[in-house]
$ cat protein-v9.txt   # compact mmCIF, C-alpha atoms
# COMPACT_ATOMS: atom_id res chain seq x y z
CA MET A 1 0.00 0.00 0.00
CA PHE A 2 2.73 2.50 0.99
CA GLN A 3 5.33 1.27 -1.50
CA HIS A 4 4.67 4.17 -3.86
CA PRO A 5 5.42 7.56 -2.19
CA SER A 6 2.22 9.07 -3.63
CA ASN A 7 0.16 6.52 -1.65
CA ARG A 8 1.46 7.90 1.65
CA ILE A 9 0.71 11.45 0.53
CA PHE A 10 -2.78 10.40 -0.61
CA VAL A 11 -3.55 8.90 2.82
CA PHE A 12 -2.27 12.07 4.54
CA LEU A 13 -4.43 14.24 2.25
CA LEU A 14 -7.50 12.18 3.14
CA LEU A 15 -6.79 12.28 6.89
CA ALA A 16 -6.16 16.05 6.80
CA THR A 17 -9.45 16.52 4.93
CA ALA A 18 -11.24 14.46 7.59
CA VAL A 19 -9.81 16.69 10.36
CA THR A 20 -10.83 19.87 8.48
CA PHE A 21 -14.33 18.45 7.96
CA TRP A 22 -14.56 17.56 11.67
CA LEU A 23 -13.52 21.10 12.66
CA GLY A 24 -16.39 22.45 10.59
CA GLU A 25 -18.96 19.81 11.50
CA SER A 26 -18.30 19.98 15.25
CA GLY A 27 -18.53 23.77 15.24
CA ALA A 28 -14.99 24.05 16.63
CA ALA A 29 -13.96 26.18 13.66
CA GLY A 30 -16.26 28.97 14.80
CA SER A 31 -16.11 28.84 18.56
CA ALA A 32 -12.59 28.28 19.81
CA GLY A 33 -10.71 31.32 18.46
CA TRP A 34 -7.40 30.98 16.73
CA ALA A 35 -6.43 27.34 17.36
CA PRO A 36 -8.87 25.56 14.97
CA VAL A 37 -8.20 28.09 12.20
CA LEU A 38 -4.44 27.63 12.60
CA VAL A 39 -4.85 23.84 12.54
CA MET A 40 -7.13 24.04 9.50
CA PHE A 41 -4.86 26.28 7.45
CA GLY A 42 -1.73 24.53 8.73
CA LEU A 43 -3.20 21.32 7.30
CA ALA A 44 -4.31 23.09 4.11
CA ALA A 45 -0.80 24.53 3.63
CA THR A 46 0.79 21.11 4.24
CA LYS A 47 -1.65 19.46 1.82
CA ALA A 48 -0.98 22.15 -0.79
CA TYR A 49 2.78 21.78 -0.28
CA TRP A 50 2.66 18.01 -0.89
CA VAL A 51 0.56 18.50 -4.02
CA ILE A 52 2.96 21.17 -5.33
CA ALA A 53 6.16 19.32 -4.39
CA ASP A 54 5.26 15.74 -5.23
CA PHE A 55 2.13 15.60 -7.39
CA MET A 56 3.15 18.58 -9.59
CA GLU A 57 6.79 17.44 -9.20
CA ILE A 58 8.06 20.90 -8.33
CA ARG A 59 10.49 19.20 -5.92
CA HIS A 60 12.56 18.31 -9.01
CA ALA A 61 12.13 21.69 -10.75
CA PRO A 62 14.68 24.55 -10.95
CA ALA A 63 14.92 26.71 -7.80
CA LEU A 64 13.03 29.62 -9.39
CA TRP A 65 9.91 27.49 -9.83
CA ARG A 66 10.19 26.02 -6.33
CA ARG A 67 10.40 29.53 -4.83
CA LEU A 68 7.57 30.84 -7.01
CA LEU A 69 5.12 28.12 -5.98
CA ALA A 70 6.19 28.17 -2.32
CA GLY A 71 5.86 31.97 -2.36
CA TRP A 72 2.31 31.68 -3.73
CA LEU A 73 1.39 29.36 -0.87
CA VAL A 74 2.94 31.62 1.79
CA VAL A 75 1.24 34.76 0.43
CA VAL A 76 -2.19 33.09 0.11
CA VAL A 77 -2.24 31.32 3.49
CA GLY A 78 -0.47 34.21 5.25
CA GLY A 79 -2.93 36.72 3.76
CA ILE A 80 -5.94 34.65 4.79
CA LEU A 81 -4.63 34.33 8.37
CA LEU A 82 -3.83 38.06 8.51
CA ALA A 83 -7.37 38.92 7.40
CA TYR A 84 -8.72 36.48 10.00
CA ALA A 85 -6.65 38.22 12.70
CA VAL A 86 -8.10 41.57 11.62
CA SER A 87 -11.64 40.12 11.80
CA LEU A 88 -11.06 39.03 15.43
CA ARG A 89 -10.00 42.55 16.40
CA GLY A 90 -13.01 44.16 14.76
CA MET B 1 18.26 9.03 -2.89
CA THR B 2 16.19 8.12 -5.97
CA SER B 3 17.41 8.41 -9.55
CA ARG B 4 15.09 11.41 -10.12
CA ASP B 5 16.69 13.23 -7.17
CA GLN B 6 20.10 12.79 -8.78
CA GLN B 7 18.97 14.20 -12.14
CA GLU B 8 19.32 17.82 -13.25
CA PRO B 9 16.43 20.02 -12.05
CA ARG B 10 13.57 19.74 -14.56
CA LEU B 11 10.11 21.24 -14.82
CA ALA B 12 7.66 18.38 -15.46
CA GLY B 13 5.55 19.48 -18.42
CA ASP B 14 5.46 22.25 -20.98
CA LEU B 15 6.67 25.76 -20.04
CA ALA B 16 3.63 27.36 -21.76
CA VAL B 17 1.25 25.25 -19.66
CA TRP B 18 3.15 26.24 -16.52
CA LEU B 19 2.83 29.92 -17.42
CA ILE B 20 -0.94 29.39 -17.79
CA ILE B 21 -0.95 27.61 -14.41
CA CYS B 22 0.87 30.59 -12.84
CA ALA B 23 -1.66 33.03 -14.34
CA GLU B 24 -4.58 30.96 -13.01
CA MET B 25 -2.99 30.66 -9.58
CA LEU B 26 -2.43 34.41 -9.48
CA ALA B 27 -6.09 35.04 -10.37
CA PHE B 28 -7.26 32.65 -7.64
CA ALA B 29 -4.83 34.16 -5.11
CA ILE B 30 -6.44 37.57 -5.72
CA LEU B 31 -9.91 36.04 -5.32
CA PHE B 32 -8.95 34.16 -2.13
CA LEU B 33 -7.43 37.26 -0.54
CA SER B 34 -10.36 39.44 -1.66
CA TYR B 35 -12.75 36.95 -0.03
CA ALA B 36 -10.69 36.96 3.20
CA VAL B 37 -10.66 40.78 3.34
CA ALA B 38 -14.38 41.10 2.50
CA ARG B 39 -15.14 38.53 5.22
CA ALA B 40 -13.04 40.45 7.77
CA LEU B 41 -15.13 43.55 7.02
CA ASP B 42 -18.47 41.78 7.59
CA VAL B 43 -17.86 38.61 9.62
CA GLU B 44 -21.42 38.13 10.90
CA ALA B 45 -23.05 38.30 7.47
CA PHE B 46 -20.43 35.93 5.99
CA ASN B 47 -20.84 33.43 8.85
CA ALA B 48 -24.64 33.51 8.56
CA SER B 49 -24.52 32.82 4.81
CA GLN B 50 -21.75 30.24 5.16
CA ALA B 51 -23.95 28.28 7.60
CA THR B 52 -26.31 27.56 4.66
CA LEU B 53 -23.57 25.70 2.73
CA ASP B 54 -23.46 21.91 2.66
CA LEU B 55 -20.22 20.96 4.42
CA HIS B 56 -20.69 17.29 3.47
CA SER B 57 -20.82 18.17 -0.22
CA GLY B 58 -17.66 20.30 0.14
CA ALA B 59 -15.82 17.46 1.90
CA ILE B 60 -16.94 14.85 -0.64
CA ASN B 61 -15.74 17.11 -3.44
CA THR B 62 -12.37 17.52 -1.68
CA VAL B 63 -12.00 13.74 -1.46
CA LEU B 64 -12.96 13.36 -5.14
CA LEU B 65 -10.38 15.92 -6.30
CA ILE B 66 -7.63 14.52 -4.07
CA SER B 67 -8.40 11.01 -5.32
CA GLY B 68 -8.44 12.24 -8.92
CA SER B 69 -5.04 13.87 -8.42
CA TRP B 70 -3.60 10.69 -6.91
CA CYS B 71 -4.94 8.62 -9.84
CA VAL B 72 -3.23 10.95 -12.32
CA VAL B 73 0.08 10.73 -10.40
CA ARG B 74 -0.17 6.93 -10.67
CA ALA B 75 -1.04 7.22 -14.38
CA VAL B 76 2.05 9.35 -15.16
CA HIS B 77 4.21 6.95 -13.14
CA ALA B 78 2.78 3.93 -15.00
CA VAL B 79 3.28 5.50 -18.45
CA ARG B 80 6.86 6.52 -17.54
CA ASN B 81 7.48 2.83 -16.90
CA ASP B 82 5.90 1.87 -20.25
CA ALA B 83 2.85 0.37 -18.52
CA GLN B 84 0.43 2.18 -20.85
CA ARG B 85 -2.57 -0.11 -20.17
CA LEU B 86 -2.22 0.55 -16.45
CA GLY B 87 -1.81 4.27 -17.17
CA VAL B 88 -5.05 4.26 -19.18
CA ARG B 89 -6.91 2.69 -16.23
CA TRP B 90 -5.52 5.25 -13.76
CA LEU B 91 -6.45 8.11 -16.11
CA ALA B 92 -9.98 6.69 -16.44
CA ALA B 93 -10.21 6.58 -12.64
CA GLY B 94 -9.05 10.21 -12.49
CA LEU B 95 -11.70 11.19 -15.04
CA LEU B 96 -14.36 9.39 -12.99
CA CYS B 97 -13.34 11.37 -9.89
CA GLY B 98 -13.57 14.60 -11.92
CA ALA B 99 -17.01 13.62 -13.22
CA GLY B 100 -18.10 12.88 -9.64
CA PHE B 101 -16.92 16.34 -8.60
CA LEU B 102 -18.87 18.00 -11.42
CA LEU B 103 -21.99 15.98 -10.49
CA PHE B 104 -21.88 16.89 -6.77
CA LYS B 105 -21.07 20.52 -7.53
CA SER B 106 -23.89 20.75 -10.08
CA LEU B 107 -26.32 19.37 -7.49
CA GLU B 108 -25.05 21.94 -4.98
CA PHE B 109 -25.46 24.78 -7.50
CA SER B 110 -28.96 23.67 -8.50
CA ASP B 111 -29.93 23.47 -4.81
CA LYS B 112 -28.72 27.04 -4.29
CA PHE B 113 -30.53 28.33 -7.38
CA ALA B 114 -33.72 26.53 -6.27
CA GLN B 115 -33.50 28.46 -2.98
CA GLY B 116 -33.33 31.71 -4.97
CA LEU B 117 -29.66 32.28 -4.14
CA ASP B 118 -27.40 33.75 -6.80
CA LEU B 119 -24.52 36.18 -7.38
CA SER B 120 -26.66 39.16 -6.38
CA THR B 121 -27.93 37.72 -3.05
CA ASN B 122 -25.13 39.22 -0.92
CA THR B 123 -21.33 39.64 -0.86
CA PHE B 124 -20.75 36.13 0.52
CA TYR B 125 -22.78 34.50 -2.27
CA MET B 126 -21.16 36.74 -4.87
CA PHE B 127 -17.78 35.31 -3.79
CA TYR B 128 -19.18 31.79 -3.37
CA PHE B 129 -20.52 31.62 -6.93
CA LEU B 130 -17.50 33.46 -8.36
CA LEU B 131 -14.90 31.25 -6.65
CA THR B 132 -16.64 27.89 -6.97
CA GLY B 133 -18.05 28.68 -10.44
CA PHE B 134 -14.64 29.76 -11.77
CA HIS B 135 -13.12 26.65 -10.23
CA PHE B 136 -15.90 24.49 -11.73
CA LEU B 137 -14.98 25.80 -15.21
CA HIS B 138 -11.33 24.90 -14.56
CA VAL B 139 -12.33 21.35 -13.64
CA ILE B 140 -14.19 21.07 -16.96
CA VAL B 141 -11.13 22.33 -18.88
CA ALA B 142 -8.87 19.95 -16.94
CA MET B 143 -11.22 17.05 -17.76
CA VAL B 144 -11.14 17.90 -21.47
CA PHE B 145 -7.31 17.85 -21.34
CA LEU B 146 -7.33 14.60 -19.40
CA GLY B 147 -9.87 13.03 -21.79
CA ILE B 148 -7.64 13.83 -24.77
CA LEU B 149 -4.60 12.46 -22.92
CA TRP B 150 -6.57 9.32 -22.00
CA VAL B 151 -7.38 8.65 -25.69
CA ARG B 152 -3.80 9.34 -26.81
CA THR B 153 -2.34 7.17 -24.04
CA TRP B 154 -4.76 4.39 -25.05
CA GLN B 155 -3.55 4.80 -28.66
CA GLY B 156 0.02 4.30 -27.41
CA HIS B 157 1.37 7.79 -28.14
CA TYR B 158 3.02 8.11 -24.71
CA GLY B 159 5.54 5.94 -22.92
CA ALA B 160 9.01 6.09 -21.39
CA HIS B 161 10.14 7.78 -24.64
CA ASP B 162 7.62 10.66 -24.31
CA VAL B 163 5.50 11.75 -21.32
CA HIS B 164 5.78 15.49 -21.93
CA ALA B 165 2.12 16.14 -22.85
CA LEU B 166 0.90 13.83 -20.10
CA GLU B 167 3.01 15.70 -17.54
CA SER B 168 1.60 19.03 -18.78
CA GLY B 169 -2.01 17.86 -18.49
CA ALA B 170 -1.28 16.30 -15.09
CA ALA B 171 0.18 19.59 -13.78
CA PHE B 172 -2.99 21.45 -14.80
CA TRP B 173 -5.14 18.75 -13.17
CA HIS B 174 -3.16 19.00 -9.92
CA MET B 175 -3.54 22.80 -9.96
CA VAL B 176 -7.33 22.34 -9.88
CA ASP B 177 -6.90 20.09 -6.82
CA LEU B 178 -4.47 22.54 -5.20
CA LEU B 179 -6.91 25.45 -5.56
CA TRP B 180 -9.75 23.45 -3.99
CA ILE B 181 -7.49 22.52 -1.05
CA ILE B 182 -7.40 26.24 -0.15
CA LEU B 183 -10.98 26.98 -1.22
CA PHE B 184 -12.62 24.30 0.95
CA PRO B 185 -11.45 25.51 4.39
CA LEU B 186 -11.69 29.18 3.36
CA VAL B 187 -15.25 29.19 2.02
CA TYR B 188 -16.88 26.15 3.68
CA VAL B 189 -15.22 25.83 7.10
CA MET B 190 -13.53 29.01 8.44
CA ARG B 191 -15.85 30.88 10.80

$ encode --input "protein-v9.txt" --output "structure tokens"
Amino acid sequence: MFQHPSNRIFVFLLLATAVTFWLGESGAAGSAGWAPVLVMFGLAATKAYWVIADFMEIRHAPALWRRLLAGWLVVVVGGILLAYAVSLRG
Amino acid sequence: MTSRDQQEPRLAGDLAVWLIICAEMLAFAILFLSYAVARALDVEAFNASQATLDLHSGAINTVLLISGSWCVVRAVHAVRNDAQRLGVRWLAAGLLCGAGFLLFKSLEFSDKFAQGLDLSTNTFYMFYFLLTGFHFLHVIVAMVFLGILWVRTWQGHYGAHDVHALESGAAFWHMVDLLWIILFPLVYVMR
């Protein structure tokens, strides 16, 4: 089952999705402040990283492409979390 | 260390396709950040509208896209090893996952339209239909690419000697999965 590296990533992606779903379904995502949102987007960023690095094979690409895709992920997730922080203050 | 790790750095797929992928990712980044800012300005209204979304449908669609992506990874791997028949089966499985996504998303859209919800309902629904509708169109385009690649792989055009087009189509397919990985927690779960 885990012989092919993509199988391990696939199982992780499914488990991370299950945790994100549980955070929404249980209501934790809207009632416990920062922690669930950090977990949720930490998992989303990790999932996205695995997809970029191993499914899209950016791990083997020239450094410019690796930085470009990693930068996209940092800006998007960082921006979302920053906006969330602003919403808590308001 | 695997043999691929020891090779010269190489972008898997066509440069033109990767430039299109970058343009699409930039467009979605702007949409994601616009959604996050608009939500921060009106949290209560966004949370109230978000509560009407079907979380189960969003999660099922996430699983379908992740599974579709995994199938396409296995297809590219199989074709690289000259196992074209196996590659064809993995691509067919990827297409089935994509079709499942389109089916569930269509049901979700029709449910929303039946409730009288559309782009003009409020800011949340404007973003909801814009983000998920734009993404839906990308899934259709990715499925057309994958369908063509499925036929050409079945005809034996690709193998260890040439996987360039297959890698390009796979990269676009994975981008669609990548975008949904951000979209699902942002639009369906974050409160």

$ closest_residue --input "protein-v9.txt" --among "A:Ile80, A:Leu23, A:Ala29, A:Leu64" --to "Ala45 (chain A)" --atoms "all atoms listed in the file"
A:Ile80

$ closest_residue --input "protein-v9.txt" --among "B:Glu24, B:Trp180, B:Arg39, B:Ala78" --to "Thr17 (chain A)" --atoms "all atoms listed in the file"
B:Trp180

$ interface_residues --input "protein-v9.txt" --of "chain B" --to "chain A" --cutoff "9 Å" --atoms "all atoms listed in the file" --output "MDAnalysis selection string"
chainID B and resid 4:5 7:12 22 25:26 29:30 32:33 35:43 47 55:56 58:59 62:63 66:67 69:70 72:74 167 170:172 174:175 177:179 181:182 184:186 188:191

$ residues_near_point --input "protein-v9.txt" --point "(5.0, 4.4, -15.0)" --cutoff "12 Å" --atoms "all atoms listed in the file" --output "JSON, numbers by chain"
{"A": [4], "B": [71, 72, 73, 74, 75, 76, 77, 78, 79, 80, 81, 82, 83, 84, 85, 86, 87, 88, 90, 153, 158, 159, 160, 161, 162, 163, 166, 167]}

$ closest_residue --input "protein-v9.txt" --among "B:Gly68, B:Gly116, B:Gly13, B:Gly169" --to "Gly147 (chain B)" --atoms "all atoms listed in the file"
B:Gly169

$ decode --input "protein-v9.txt" --residues "region 112-189 of chain B" --atoms "C-alpha atoms" --output "mmCIF file, in the first residue's frame"
data_model
loop_
_atom_site.group_PDB
_atom_site.id
_atom_site.type_symbol
_atom_site.label_atom_id
_atom_site.label_comp_id
_atom_site.auth_asym_id
_atom_site.auth_seq_id
_atom_site.Cartn_x
_atom_site.Cartn_y
_atom_site.Cartn_z
ATOM 1 C CA LYS B 112 -28.722 27.041 -4.285
ATOM 2 C CA PHE B 113 -30.525 28.330 -7.380
ATOM 3 C CA ALA B 114 -33.716 26.529 -6.269
ATOM 4 C CA GLN B 115 -33.497 28.463 -2.979
ATOM 5 C CA GLY B 116 -33.327 31.707 -4.970
ATOM 6 C CA LEU B 117 -29.661 32.284 -4.143
ATOM 7 C CA ASP B 118 -27.396 33.745 -6.804
ATOM 8 C CA LEU B 119 -24.524 36.178 -7.375
ATOM 9 C CA SER B 120 -26.657 39.157 -6.381
ATOM 10 C CA THR B 121 -27.932 37.721 -3.049
ATOM 11 C CA ASN B 122 -25.128 39.222 -0.920
ATOM 12 C CA THR B 123 -21.334 39.638 -0.862
ATOM 13 C CA PHE B 124 -20.752 36.129 0.519
ATOM 14 C CA TYR B 125 -22.782 34.503 -2.269
ATOM 15 C CA MET B 126 -21.162 36.741 -4.867
ATOM 16 C CA PHE B 127 -17.777 35.313 -3.790
ATOM 17 C CA TYR B 128 -19.181 31.790 -3.366
ATOM 18 C CA PHE B 129 -20.516 31.623 -6.931
ATOM 19 C CA LEU B 130 -17.499 33.460 -8.363
ATOM 20 C CA LEU B 131 -14.904 31.251 -6.655
ATOM 21 C CA THR B 132 -16.640 27.890 -6.970
ATOM 22 C CA GLY B 133 -18.053 28.678 -10.438
ATOM 23 C CA PHE B 134 -14.644 29.761 -11.766
ATOM 24 C CA HIS B 135 -13.119 26.650 -10.225
ATOM 25 C CA PHE B 136 -15.899 24.495 -11.731
ATOM 26 C CA LEU B 137 -14.976 25.800 -15.208
ATOM 27 C CA HIS B 138 -11.329 24.902 -14.556
ATOM 28 C CA VAL B 139 -12.328 21.347 -13.642
ATOM 29 C CA ILE B 140 -14.193 21.074 -16.961
ATOM 30 C CA VAL B 141 -11.132 22.330 -18.883
ATOM 31 C CA ALA B 142 -8.871 19.949 -16.942
ATOM 32 C CA MET B 143 -11.223 17.048 -17.758
ATOM 33 C CA VAL B 144 -11.144 17.903 -21.470
ATOM 34 C CA PHE B 145 -7.307 17.854 -21.341
ATOM 35 C CA LEU B 146 -7.326 14.597 -19.405
ATOM 36 C CA GLY B 147 -9.866 13.035 -21.791
ATOM 37 C CA ILE B 148 -7.638 13.830 -24.771
ATOM 38 C CA LEU B 149 -4.605 12.459 -22.920
ATOM 39 C CA TRP B 150 -6.574 9.324 -21.997
ATOM 40 C CA VAL B 151 -7.378 8.654 -25.687
ATOM 41 C CA ARG B 152 -3.802 9.338 -26.808
ATOM 42 C CA THR B 153 -2.342 7.166 -24.043
ATOM 43 C CA TRP B 154 -4.761 4.386 -25.053
ATOM 44 C CA GLN B 155 -3.546 4.800 -28.661
ATOM 45 C CA GLY B 156 0.016 4.304 -27.414
ATOM 46 C CA HIS B 157 1.371 7.787 -28.141
ATOM 47 C CA TYR B 158 3.021 8.106 -24.706
ATOM 48 C CA GLY B 159 5.545 5.942 -22.925
ATOM 49 C CA ALA B 160 9.013 6.091 -21.386
ATOM 50 C CA HIS B 161 10.140 7.783 -24.641
ATOM 51 C CA ASP B 162 7.618 10.664 -24.311
ATOM 52 C CA VAL B 163 5.495 11.747 -21.323
ATOM 53 C CA HIS B 164 5.779 15.486 -21.933
ATOM 54 C CA ALA B 165 2.118 16.137 -22.852
ATOM 55 C CA LEU B 166 0.901 13.833 -20.098
ATOM 56 C CA GLU B 167 3.011 15.699 -17.539
ATOM 57 C CA SER B 168 1.602 19.029 -18.775
ATOM 58 C CA GLY B 169 -2.010 17.856 -18.490
ATOM 59 C CA ALA B 170 -1.284 16.300 -15.089
ATOM 60 C CA ALA B 171 0.184 19.586 -13.784
ATOM 61 C CA PHE B 172 -2.990 21.452 -14.796
ATOM 62 C CA TRP B 173 -5.135 18.755 -13.172
ATOM 63 C CA HIS B 174 -3.161 18.996 -9.921
ATOM 64 C CA MET B 175 -3.539 22.797 -9.959
ATOM 65 C CA VAL B 176 -7.326 22.336 -9.879
ATOM 66 C CA ASP B 177 -6.904 20.085 -6.818
ATOM 67 C CA LEU B 178 -4.469 22.545 -5.197
ATOM 68 C CA LEU B 179 -6.912 25.454 -5.560
ATOM 69 C CA TRP B 180 -9.752 23.451 -3.993
ATOM 70 C CA ILE B 181 -7.488 22.520 -1.049
ATOM 71 C CA ILE B 182 -7.399 26.245 -0.151
ATOM 72 C CA LEU B 183 -10.977 26.984 -1.223
ATOM 73 C CA PHE B 184 -12.615 24.304 0.948
ATOM 74 C CA PRO B 185 -11.445 25.514 4.393
ATOM 75 C CA LEU B 186 -11.689 29.179 3.356
ATOM 76 C CA VAL B 187 -15.246 29.187 2.020
ATOM 77 C CA TYR B 188 -16.876 26.150 3.678
ATOM 78 C CA VAL B 189 -15.224 25.829 7.104
#
